[in-house]
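Coordinates as given in target-v6.tsv (TSV, C-alpha atoms):
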```
chain	number	residue	atom	x	y	z
A	1	MET	CA	184.97	98.84	-16.63
A	2	ARG	CA	182.24	96.52	-15.44
A	3	ALA	CA	183.20	92.90	-15.08
A	4	VAL	CA	182.24	91.08	-18.27
A	5	HIS	CA	180.43	88.34	-16.37
A	6	GLU	CA	177.98	90.75	-14.74
A	7	SER	CA	174.54	90.66	-16.30
A	8	GLU	CA	172.13	93.58	-16.19
A	9	ARG	CA	170.20	91.69	-13.52
A	10	ASP	CA	173.36	91.29	-11.42
A	11	LEU	CA	173.96	95.02	-11.58
A	12	LEU	CA	170.39	95.94	-10.66
A	13	ARG	CA	170.40	93.44	-7.80
A	14	HIS	CA	173.66	94.69	-6.31
A	15	HIS	CA	173.37	96.43	-2.92
A	16	GLY	CA	175.84	97.90	-0.47
A	17	ASP	CA	175.62	95.13	2.12
A	18	VAL	CA	177.70	92.82	-0.09
A	19	GLU	CA	180.56	95.32	0.04
A	20	VAL	CA	181.03	94.90	3.79
A	21	ASP	CA	182.89	92.13	5.59
A	22	PRO	CA	182.93	91.80	9.41
A	23	GLY	CA	185.27	94.27	11.03
A	24	MET	CA	185.33	96.73	8.14
A	25	LEU	CA	184.63	100.43	8.58
A	26	ASP	CA	181.25	100.59	6.86
A	27	PHE	CA	180.47	103.50	4.54
A	28	ALA	CA	178.62	101.21	2.11
A	29	VAL	CA	175.34	100.67	3.99
A	30	ASN	CA	173.04	103.53	4.92
A	31	VAL	CA	171.63	101.95	8.09
A	32	ARG	CA	172.29	104.04	11.19
A	33	GLY	CA	173.91	101.81	13.81
A	34	ASP	CA	174.16	98.09	14.34
A	35	GLY	CA	170.74	97.63	15.88
A	36	PRO	CA	167.67	99.42	17.19
A	37	PRO	CA	167.82	101.61	20.30
A	38	ALA	CA	167.38	100.01	23.72
A	39	TRP	CA	163.76	101.09	24.15
A	40	LEU	CA	162.79	99.49	20.84
A	41	ARG	CA	164.72	96.29	21.59
A	42	GLU	CA	162.91	96.03	24.92
A	43	ARG	CA	159.55	96.54	23.29
A	44	LEU	CA	160.26	93.84	20.71
A	45	ALA	CA	161.59	91.47	23.37
A	46	ALA	CA	158.36	91.88	25.32
A	47	ARG	CA	156.50	90.35	22.36
A	48	LEU	CA	158.58	87.19	22.20
A	49	GLY	CA	156.37	85.33	24.65
A	50	GLY	CA	153.40	85.69	22.31
A	51	LEU	CA	154.99	84.31	19.17
A	52	GLY	CA	152.93	81.14	19.49
A	53	ARG	CA	149.92	83.14	18.30
A	54	TYR	CA	149.30	84.11	14.70
A	55	PRO	CA	149.43	87.83	13.87
A	56	SER	CA	145.92	89.22	14.19
A	57	ALA	CA	143.83	91.49	12.01
A	58	ALA	CA	143.23	93.65	15.08
A	59	GLU	CA	146.99	94.25	15.48
A	60	ASP	CA	147.30	95.08	11.81
A	61	LEU	CA	144.47	97.60	12.02
A	62	ALA	CA	145.81	99.19	15.21
A	63	THR	CA	149.22	99.62	13.59
A	64	ARG	CA	147.75	101.03	10.39
A	65	ARG	CA	145.85	103.56	12.49
A	66	LEU	CA	149.10	104.66	14.13
A	67	VAL	CA	150.83	105.02	10.77
A	68	ALA	CA	147.82	106.85	9.36
A	69	ALA	CA	147.77	109.29	12.29
A	70	ARG	CA	151.49	109.93	11.81
A	71	HIS	CA	150.80	111.10	8.24
A	72	GLY	CA	147.31	112.56	8.60
A	73	ARG	CA	145.78	109.77	6.54
A	74	ALA	CA	143.03	107.16	7.00
A	75	ALA	CA	143.83	103.61	8.09
A	76	ASP	CA	142.58	102.18	4.80
A	77	GLU	CA	145.25	104.26	3.03
A	78	VAL	CA	148.03	102.27	4.76
A	79	LEU	CA	149.47	98.90	3.78
A	80	LEU	CA	152.09	97.41	6.11
A	81	LEU	CA	155.14	96.00	4.32
A	82	ALA	CA	158.08	93.74	5.04
A	83	GLY	CA	160.40	96.64	4.23
A	84	GLY	CA	159.95	99.18	1.48
A	85	ALA	CA	161.49	96.71	-0.95
A	86	GLU	CA	158.40	94.50	-0.67
A	87	GLY	CA	156.40	97.39	-2.08
A	88	PHE	CA	158.67	97.48	-5.13
A	89	ALA	CA	158.20	93.75	-5.63
A	90	MET	CA	154.43	94.33	-5.67
A	91	LEU	CA	154.47	96.99	-8.40
A	92	PRO	CA	153.97	94.53	-11.29
A	93	ARG	CA	150.57	93.66	-9.79
A	94	LEU	CA	149.42	97.10	-10.92
A	95	GLN	CA	149.89	95.86	-14.53
A	96	PRO	CA	151.32	99.02	-16.06
A	97	ARG	CA	151.68	99.18	-19.83
A	98	LEU	CA	154.87	101.27	-19.68
A	99	ALA	CA	156.83	102.12	-16.56
A	100	ALA	CA	159.26	105.02	-16.37
A	101	VAL	CA	161.99	104.92	-13.71
A	102	VAL	CA	163.88	108.12	-12.95
A	103	HIS	CA	167.61	107.41	-12.60
A	104	PRO	CA	170.11	107.32	-10.99
A	105	SER	CA	168.02	105.75	-8.23
A	106	PHE	CA	167.43	102.62	-6.19
A	107	THR	CA	167.32	99.74	-8.64
A	108	GLU	CA	164.84	97.29	-7.09
A	109	PRO	CA	161.75	98.88	-8.72
A	110	GLU	CA	163.19	98.54	-12.22
A	111	LEU	CA	164.33	94.99	-11.53
A	112	ALA	CA	160.92	93.91	-10.23
A	113	LEU	CA	159.13	95.44	-13.20
A	114	ARG	CA	161.51	94.02	-15.80
A	115	GLU	CA	161.40	90.52	-14.31
A	116	ALA	CA	157.60	90.64	-14.55
A	117	GLY	CA	157.82	91.52	-18.23
A	118	VAL	CA	156.76	95.16	-17.84
A	119	PRO	CA	158.41	97.48	-20.40
A	120	VAL	CA	160.62	99.95	-18.55
A	121	LEU	CA	161.79	103.33	-19.81
A	122	ARG	CA	164.79	104.80	-18.06
A	123	VAL	CA	164.70	108.55	-17.49
A	124	PRO	CA	168.32	109.57	-16.84
A	125	LEU	CA	169.09	112.80	-15.00
A	126	ASP	CA	172.37	114.60	-15.56
A	127	PRO	CA	174.31	116.32	-12.76
A	128	PRO	CA	173.13	117.92	-10.52
A	129	TYR	CA	170.41	115.27	-10.95
A	130	ARG	CA	167.42	117.59	-10.63
A	131	LEU	CA	164.02	116.25	-11.64
A	132	ASP	CA	162.57	117.52	-14.91
A	133	PRO	CA	159.00	116.15	-15.13
A	134	GLY	CA	158.88	117.02	-18.82
A	135	ARG	CA	161.48	114.34	-19.60
A	136	VAL	CA	159.02	111.56	-18.76
A	137	ARG	CA	157.01	110.35	-21.75
A	138	ASP	CA	153.30	111.08	-21.52
A	139	ASP	CA	152.40	107.47	-22.33
A	140	ALA	CA	154.14	106.11	-19.22
A	141	ASP	CA	151.32	105.04	-16.91
A	142	LEU	CA	153.63	104.29	-13.96
A	143	VAL	CA	156.49	106.56	-12.88
A	144	VAL	CA	158.92	105.68	-10.08
A	145	LEU	CA	161.36	108.02	-8.40
A	146	GLY	CA	163.13	108.38	-5.05
A	147	ASN	CA	162.95	111.43	-2.80
A	148	PRO	CA	165.50	112.02	-1.40
A	149	THR	CA	167.13	109.97	-4.12
A	150	ASN	CA	169.50	107.10	-3.47
A	151	PRO	CA	172.41	107.48	-4.41
A	152	THR	CA	172.54	111.15	-5.45
A	153	SER	CA	171.17	112.51	-2.13
A	154	VAL	CA	169.05	115.00	-4.10
A	155	LEU	CA	165.81	116.16	-2.50
A	156	HIS	CA	163.31	117.06	-5.23
A	157	PRO	CA	160.71	119.77	-4.53
A	158	ALA	CA	157.30	118.26	-3.82
A	159	GLU	CA	155.87	120.46	-6.58
A	160	SER	CA	158.20	118.83	-9.12
A	161	VAL	CA	157.22	115.37	-7.92
A	162	LEU	CA	153.52	116.15	-8.18
A	163	ALA	CA	154.07	117.69	-11.63
A	164	LEU	CA	154.59	114.12	-12.84
A	165	ARG	CA	150.86	113.44	-12.43
A	166	ARG	CA	148.88	112.76	-15.59
A	167	PRO	CA	145.44	111.24	-16.26
A	168	GLY	CA	145.75	107.45	-16.15
A	169	ARG	CA	149.20	107.52	-14.52
A	170	LEU	CA	150.31	106.40	-11.05
A	171	VAL	CA	153.31	108.16	-9.52
A	172	VAL	CA	155.30	105.99	-7.08
A	173	VAL	CA	157.56	107.91	-4.69
A	174	ASP	CA	160.24	106.01	-2.80
A	175	GLU	CA	160.56	107.94	0.48
A	176	ALA	CA	162.81	105.40	2.21
A	177	PHE	CA	165.05	108.22	3.46
A	178	ALA	CA	162.43	110.95	3.96
A	179	ASP	CA	162.53	110.60	7.74
A	180	ALA	CA	166.26	111.42	7.58
A	181	THR	CA	165.47	114.93	6.30
A	182	VAL	CA	164.83	117.67	8.85
A	183	GLY	CA	161.11	118.40	8.86
A	184	GLU	CA	160.50	116.15	5.84
A	185	PRO	CA	159.91	119.32	3.80
A	186	GLU	CA	159.36	117.70	0.40
A	187	SER	CA	157.50	114.58	1.45
A	188	VAL	CA	154.17	113.87	-0.22
A	189	ALA	CA	153.25	111.18	2.31
A	190	ASP	CA	150.51	113.36	3.76
A	191	ARG	CA	148.88	114.00	0.37
A	192	ALA	CA	145.83	111.76	-0.06
A	193	LEU	CA	145.92	111.67	-3.85
A	194	PRO	CA	144.37	108.81	-5.86
A	195	ASP	CA	147.30	108.67	-8.30
A	196	VAL	CA	150.27	108.93	-5.88
A	197	LEU	CA	151.69	105.93	-4.03
A	198	VAL	CA	154.35	106.52	-1.35
A	199	LEU	CA	156.64	103.80	-0.05
A	200	ARG	CA	158.36	104.30	3.30
A	201	SER	CA	161.02	102.33	5.14
A	202	LEU	CA	161.89	102.11	8.85
A	203	THR	CA	165.05	100.15	8.13
A	204	LYS	CA	167.59	102.94	8.03
A	205	THR	CA	166.78	105.32	10.86
A	206	TRP	CA	165.89	102.57	13.32
A	207	ALA	CA	168.51	99.98	12.28
A	208	LEU	CA	165.88	97.35	11.46
A	209	ALA	CA	167.37	95.98	8.25
A	210	GLY	CA	167.23	92.45	9.61
A	211	LEU	CA	163.57	92.72	10.59
A	212	ARG	CA	162.27	94.30	7.32
A	213	CYS	CA	159.76	97.01	8.24
A	214	GLY	CA	157.97	99.57	6.09
A	215	TYR	CA	154.62	100.61	4.69
A	216	ALA	CA	152.83	102.03	1.68
A	217	LEU	CA	150.52	105.04	1.61
A	218	GLY	CA	147.98	105.32	-1.17
A	219	SER	CA	144.37	105.11	-2.17
A	220	PRO	CA	142.54	102.01	-0.90
A	221	ASP	CA	141.95	100.66	-4.41
A	222	VAL	CA	145.63	100.94	-5.34
A	223	LEU	CA	146.66	99.24	-2.10
A	224	ALA	CA	144.12	96.47	-2.71
A	225	ARG	CA	145.65	95.83	-6.14
A	226	LEU	CA	149.13	95.74	-4.61
A	227	ALA	CA	148.07	93.25	-1.95
A	228	HIS	CA	146.08	90.97	-4.27
A	229	GLY	CA	147.44	87.43	-4.05
A	230	ARG	CA	149.61	88.24	-1.04
A	231	ALA	CA	150.22	85.41	1.39
A	232	HIS	CA	148.14	85.27	4.55
A	233	TRP	CA	149.93	86.68	7.66
A	234	PRO	CA	152.42	88.56	5.44
A	235	LEU	CA	154.12	90.26	8.42
A	236	SER	CA	155.24	88.76	11.69
A	237	SER	CA	154.08	90.07	15.06
A	238	LEU	CA	157.51	91.56	15.63
A	239	GLN	CA	157.42	93.47	12.34
A	240	THR	CA	153.98	94.87	13.13
A	241	GLU	CA	155.11	95.83	16.62
A	242	ALA	CA	158.19	97.60	15.29
A	243	ILE	CA	156.16	99.58	12.74
A	244	ALA	CA	153.71	100.60	15.46
A	245	ALA	CA	156.48	101.60	17.86
A	246	CYS	CA	158.31	103.70	15.28
A	247	SER	CA	155.12	105.49	14.25
A	248	GLU	CA	154.21	106.80	17.70
A	249	PRO	CA	154.75	110.53	18.35
A	250	ASP	CA	157.75	110.07	20.65
A	251	ALA	CA	159.51	107.91	18.06
A	252	VAL	CA	158.76	110.37	15.26
A	253	ALA	CA	160.29	113.12	17.42
A	254	GLN	CA	163.36	110.95	18.01
A	255	ALA	CA	163.68	110.35	14.27
A	256	GLN	CA	163.72	114.10	13.72
A	257	LEU	CA	166.50	114.50	16.26
A	258	GLN	CA	168.38	111.85	14.31
A	259	ALA	CA	167.71	113.77	11.09
A	260	GLN	CA	169.22	116.88	12.65
A	261	ARG	CA	172.32	114.90	13.67
A	262	ILE	CA	172.60	113.56	10.13
A	263	ALA	CA	172.42	117.08	8.70
A	264	THR	CA	175.16	118.25	11.07
A	265	GLU	CA	177.36	115.23	10.34
A	266	ARG	CA	176.79	115.55	6.60
A	267	ALA	CA	177.88	119.20	6.56
A	268	ALA	CA	181.00	118.35	8.56
A	269	MET	CA	181.70	115.37	6.29
A	270	VAL	CA	181.52	117.55	3.18
A	271	GLU	CA	184.07	119.91	4.68
A	272	GLN	CA	186.41	117.04	5.55
A	273	LEU	CA	186.06	115.49	2.09
A	274	ARG	CA	187.22	118.73	0.48
A	275	ALA	CA	190.73	117.72	1.56
A	276	ALA	CA	190.54	114.63	-0.67
A	277	PRO	CA	190.84	114.58	-4.49
A	278	VAL	CA	187.14	113.78	-5.00
A	279	GLN	CA	184.09	115.49	-6.50
A	280	ILE	CA	181.07	115.72	-4.22
A	281	ALA	CA	177.55	115.82	-5.64
A	282	LEU	CA	175.88	118.80	-3.99
A	283	PRO	CA	173.51	119.90	-2.65
A	284	ALA	CA	172.86	116.73	-0.63
A	285	ALA	CA	169.90	116.03	1.66
A	286	GLY	CA	170.12	112.32	2.50
A	287	PRO	CA	172.21	110.28	4.94
A	288	PHE	CA	174.78	109.58	2.18
A	289	LEU	CA	176.90	111.39	-0.37
A	290	LEU	CA	177.70	110.62	-3.99
A	291	LEU	CA	181.38	111.02	-4.85
A	292	ARG	CA	183.36	110.84	-8.07
A	293	VAL	CA	186.93	109.60	-7.71
A	294	PRO	CA	189.76	108.94	-10.16
A	295	ASP	CA	189.89	105.26	-11.21
A	296	GLY	CA	186.99	104.20	-9.02
A	297	GLU	CA	187.49	100.46	-9.25
A	298	LEU	CA	191.10	100.75	-8.06
A	299	VAL	CA	190.12	103.22	-5.33
A	300	ARG	CA	187.47	100.84	-3.99
A	301	LYS	CA	189.98	97.97	-4.04
A	302	ARG	CA	192.60	99.97	-2.15
A	303	LEU	CA	190.09	101.26	0.37
A	304	ARG	CA	189.00	97.69	0.94
A	305	GLU	CA	192.61	96.72	1.61
A	306	LYS	CA	192.59	99.39	4.31
A	307	GLY	CA	189.45	97.92	5.86
A	308	ILE	CA	187.04	100.55	4.50
A	309	ALA	CA	183.89	99.62	2.57
A	310	VAL	CA	182.19	102.04	0.18
A	311	ARG	CA	179.30	101.46	-2.20
A	312	ARG	CA	180.20	101.12	-5.88
A	313	GLY	CA	178.20	103.47	-8.07
A	314	ASP	CA	178.31	101.86	-11.50
A	315	THR	CA	175.39	99.54	-10.74
A	316	PHE	CA	173.09	102.57	-10.66
A	317	PRO	CA	171.88	103.38	-14.21
A	318	GLY	CA	173.31	106.71	-15.23
A	319	LEU	CA	176.46	106.47	-13.12
A	320	GLY	CA	179.88	105.13	-14.03
A	321	PRO	CA	182.77	103.18	-12.49
A	322	ASP	CA	184.29	106.31	-10.93
A	323	HIS	CA	181.24	106.95	-8.76
A	324	ILE	CA	181.02	105.75	-5.18
A	325	ARG	CA	178.42	106.34	-2.51
A	326	VAL	CA	179.43	106.89	1.11
A	327	ALA	CA	177.12	106.89	4.11
A	328	VAL	CA	177.16	109.89	6.43
A	329	ARG	CA	179.16	108.96	9.51
A	330	PRO	CA	180.59	110.72	12.60
A	331	ALA	CA	183.73	112.86	12.25
A	332	ALA	CA	186.21	110.30	13.60
A	333	GLU	CA	185.20	107.72	11.01
A	334	VAL	CA	185.18	110.33	8.25
A	335	THR	CA	188.72	111.36	9.20
A	336	ARG	CA	189.86	107.80	8.58
A	337	LEU	CA	188.06	107.70	5.23
A	338	VAL	CA	189.49	111.03	4.08
A	339	GLY	CA	193.01	110.01	5.09
A	340	ALA	CA	192.66	106.81	3.11
A	341	LEU	CA	191.23	108.63	0.07
A	342	VAL	CA	194.15	111.05	0.08
A	343	GLN	CA	196.53	108.09	-0.03
A	344	VAL	CA	194.74	105.91	-2.60
A	345	CYS	CA	193.70	108.70	-4.98
A	346	ARG	CA	197.28	109.86	-5.64
```

Taking this structure as input, can you express it in the form of structure tokens?
Amino acid sequence: MRAVHESERDLLRHHGDVEVDPGMLDFAVNVRGDGPPAWLRERLAARLGGLGRYPSAAEDLATRRLVAARHGRAADEVLLLAGGAEGFAMLPRLQPRLAAVVHPSFTEPELALREAGVPVLRVPLDPPYRLDPGRVRDDADLVVLGNPTNPTSVLHPAESVLALRRPGRLVVVDEAFADATVGEPESVADRALPDVLVLRSLTKTWALAGLRCGYALGSPDVLARLAHGRAHWPLSSLQTEAIAACSEPDAVAQAQLQAQRIATERAAMVEQLRAAPVQIALPAAGPFLLLRVPDGELVRKRLREKGIAVRRGDTFPGLGPDHIRVAVRPAAEVTRLVGALVQVCR
């Protein structure tokens, strides 16, 4: 059961990074690696000498043009963000009357909306967590969902996502993990639709969690409403440089190679996990898997004693204490996890 002292806010604010102590084998955080690749580190280091200058509008525009070209959009349809999470924090500025959040999913959008006093309707999906647009009330003028969804790893068809559109409604699609899918087959980032807002993150694939890099794609008027009241110089020069670097064609190609590795590792991980007494939510398309284990709280505790961190699942609306999320990792690390699960799930 959930600890009695945990408020709803505590649960919505919980994220995998708090599960991991130094030295632990980390299956709790979905970031790939401990830091960006050498070429990206070198490019960021080359900017250090210019940190005495304020970030310029020209740099912002040049970076937005790169992002726009990457998605076949116009520069005024791009808003640079300090991580995708900043985009969620901006959603209340759209002043929705009723927001619907499809769950289980990343909890920051619901938290930001609730803390701003926006009424939020949860739309729970049952296993296998497939989107049913008809379950969203017609009077919801803002709908938020993830694709692929964290933590279920479900990739919804783009047609199902776009079926959420209604007159007077804005559909917000969290595509933080879209670049981890081979070919990004269900992304709607390249659809210039006035009522669809896409939020993207560069944190996971490029190991930039500490730098906070992302962007929003949407109609200029929606982006203007999001940015209204934003502080001047909202992103540092290093953040802008990182977004630009990761949006160039060579980097996009590298991200796709990473996505292919993730797909291979995920398939191998599923096969290894079949040796453990766990239920695996399938099919899965993201760089993580949702598992159901017997006595989840005790399993997490015993795994922690063995130096293995996993992400608790009961803080995601619609999931319970026996759910855990595990990041896709190479075979040697998975072998250690599976061995530990076999021992602690007896």

State, in Å with one decimal place, the distance from atom CA of Thr149 of chain A to atom CA of Ala281 of chain A.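 Separation of atom CA of Thr149 of chain A and atom CA of Ala281 of chain A: 12.0 Å.
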
Would you work out the distance separating atom CA of Pro294 of chain A from atom CA of Met24 of chain A, expressed in Å to one decimal?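 So the two atoms, atom CA of Pro294 of chain A and atom CA of Met24 of chain A, lie 22.4 Å apart.
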
Grab the atom CA of His323 of chain A to atom CA of Arg311 of chain A distance for me, in Å with one decimal place.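 Straight-line distance from atom CA of His323 of chain A to atom CA of Arg311 of chain A works out to 8.8 Å.
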
Within 12 Å of file point (184.0, 115.9, -4.0), counting all atoms listed in the file, expressed as a PDB file with C-alpha atoms, keeping the file's coordinate frame:
```
ATOM      1  CA  MET A 269     181.700 115.370   6.290  1.00  0.00           C
ATOM      2  CA  VAL A 270     181.520 117.550   3.180  1.00  0.00           C
ATOM      3  CA  GLU A 271     184.070 119.910   4.680  1.00  0.00           C
ATOM      4  CA  GLN A 272     186.410 117.040   5.550  1.00  0.00           C
ATOM      5  CA  LEU A 273     186.060 115.490   2.090  1.00  0.00           C
ATOM      6  CA  ARG A 274     187.220 118.730   0.480  1.00  0.00           C
ATOM      7  CA  ALA A 275     190.730 117.720   1.560  1.00  0.00           C
ATOM      8  CA  ALA A 276     190.540 114.630  -0.670  1.00  0.00           C
ATOM      9  CA  PRO A 277     190.840 114.580  -4.490  1.00  0.00           C
ATOM     10  CA  VAL A 278     187.140 113.780  -5.000  1.00  0.00           C
ATOM     11  CA  GLN A 279     184.090 115.490  -6.500  1.00  0.00           C
ATOM     12  CA  ILE A 280     181.070 115.720  -4.220  1.00  0.00           C
ATOM     13  CA  ALA A 281     177.550 115.820  -5.640  1.00  0.00           C
ATOM     14  CA  LEU A 282     175.880 118.800  -3.990  1.00  0.00           C
ATOM     15  CA  PRO A 283     173.510 119.900  -2.650  1.00  0.00           C
ATOM     16  CA  ALA A 284     172.860 116.730  -0.630  1.00  0.00           C
ATOM     17  CA  LEU A 289     176.900 111.390  -0.370  1.00  0.00           C
ATOM     18  CA  LEU A 290     177.700 110.620  -3.990  1.00  0.00           C
ATOM     19  CA  LEU A 291     181.380 111.020  -4.850  1.00  0.00           C
ATOM     20  CA  ARG A 292     183.360 110.840  -8.070  1.00  0.00           C
ATOM     21  CA  VAL A 293     186.930 109.600  -7.710  1.00  0.00           C
ATOM     22  CA  PRO A 294     189.760 108.940 -10.160  1.00  0.00           C
ATOM     23  CA  ASP A 322     184.290 106.310 -10.930  1.00  0.00           C
ATOM     24  CA  HIS A 323     181.240 106.950  -8.760  1.00  0.00           C
ATOM     25  CA  ILE A 324     181.020 105.750  -5.180  1.00  0.00           C
ATOM     26  CA  ARG A 325     178.420 106.340  -2.510  1.00  0.00           C
ATOM     27  CA  VAL A 326     179.430 106.890   1.110  1.00  0.00           C
ATOM     28  CA  VAL A 338     189.490 111.030   4.080  1.00  0.00           C
ATOM     29  CA  LEU A 341     191.230 108.630   0.070  1.00  0.00           C
ATOM     30  CA  VAL A 342     194.150 111.050   0.080  1.00  0.00           C
TER      31      VAL A 342
END
```

Enumerate, in order of chain and increasing residue number, the residues of segment 215-249 of chain A with an atom no farther than 9 Å from segment 194-203 of chain A, each with its shortest atom pair and distance in Å to one decimal, counting only C-alpha atoms, as a Markdown table.
```
| residue | atom | partner | partner_atom | distance |
| --- | --- | --- | --- | --- |
| A:Tyr215 | CA | A:Arg200 | CA | 5.4 |
| A:Ala216 | CA | A:Leu199 | CA | 4.5 |
| A:Leu217 | CA | A:Val198 | CA | 5.1 |
| A:Gly218 | CA | A:Leu197 | CA | 4.7 |
| A:Ser219 | CA | A:Pro194 | CA | 5.2 |
| A:Pro220 | CA | A:Pro194 | CA | 8.6 |
| A:Asp221 | CA | A:Pro194 | CA | 8.6 |
| A:Val222 | CA | A:Leu197 | CA | 8.0 |
| A:Leu223 | CA | A:Leu197 | CA | 8.6 |
| A:Ala242 | CA | A:Leu202 | CA | 8.7 |
| A:Ile243 | CA | A:Leu202 | CA | 7.4 |
| A:Cys246 | CA | A:Leu202 | CA | 7.5 |
```

Nearest-residue call for Asp174 of chain A, choices A:Gln256, A:Thr264, A:Ser56, A:Asn147, using all atoms listed in the file: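 Using all atoms listed in the file, the shortest distance to Asp174 of chain A belongs to A:Asn147.
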
Choose the residue, out of A:Val102, A:Leu257, A:Ala245, A:Leu238, that has the smallest atom-to-atom separation from Gly210 of chain A; count all atoms listed in the file.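 Nearest to Gly210 of chain A: A:Leu238.
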
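Taking all atoms listed in the file into account, Cys345 of chain A lies nearest to A:Asp295 out of the set A:Asp295, A:Asp141, A:Asp314, A:Glu159.
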
With distances taken over all atoms listed in the file, which of A:Arg302, A:Pro321, A:Ala251, A:Gly134 is nearest to Arg346 of chain A?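 Checking each candidate against Arg346 of chain A, we get A:Arg302 as the closest.
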
Pick the closest to Arg137 of chain A from A:Ala340, A:Leu121, A:Leu170, A:Ala116: which is it, counting only C-alpha atoms? A:Leu121

Find the residue from A:Val154, A:Ala140, A:Ser105, A:Gln343 that sits nearest to Pro167 of chain A; use only C-alpha atoms when measuring. A:Ala140
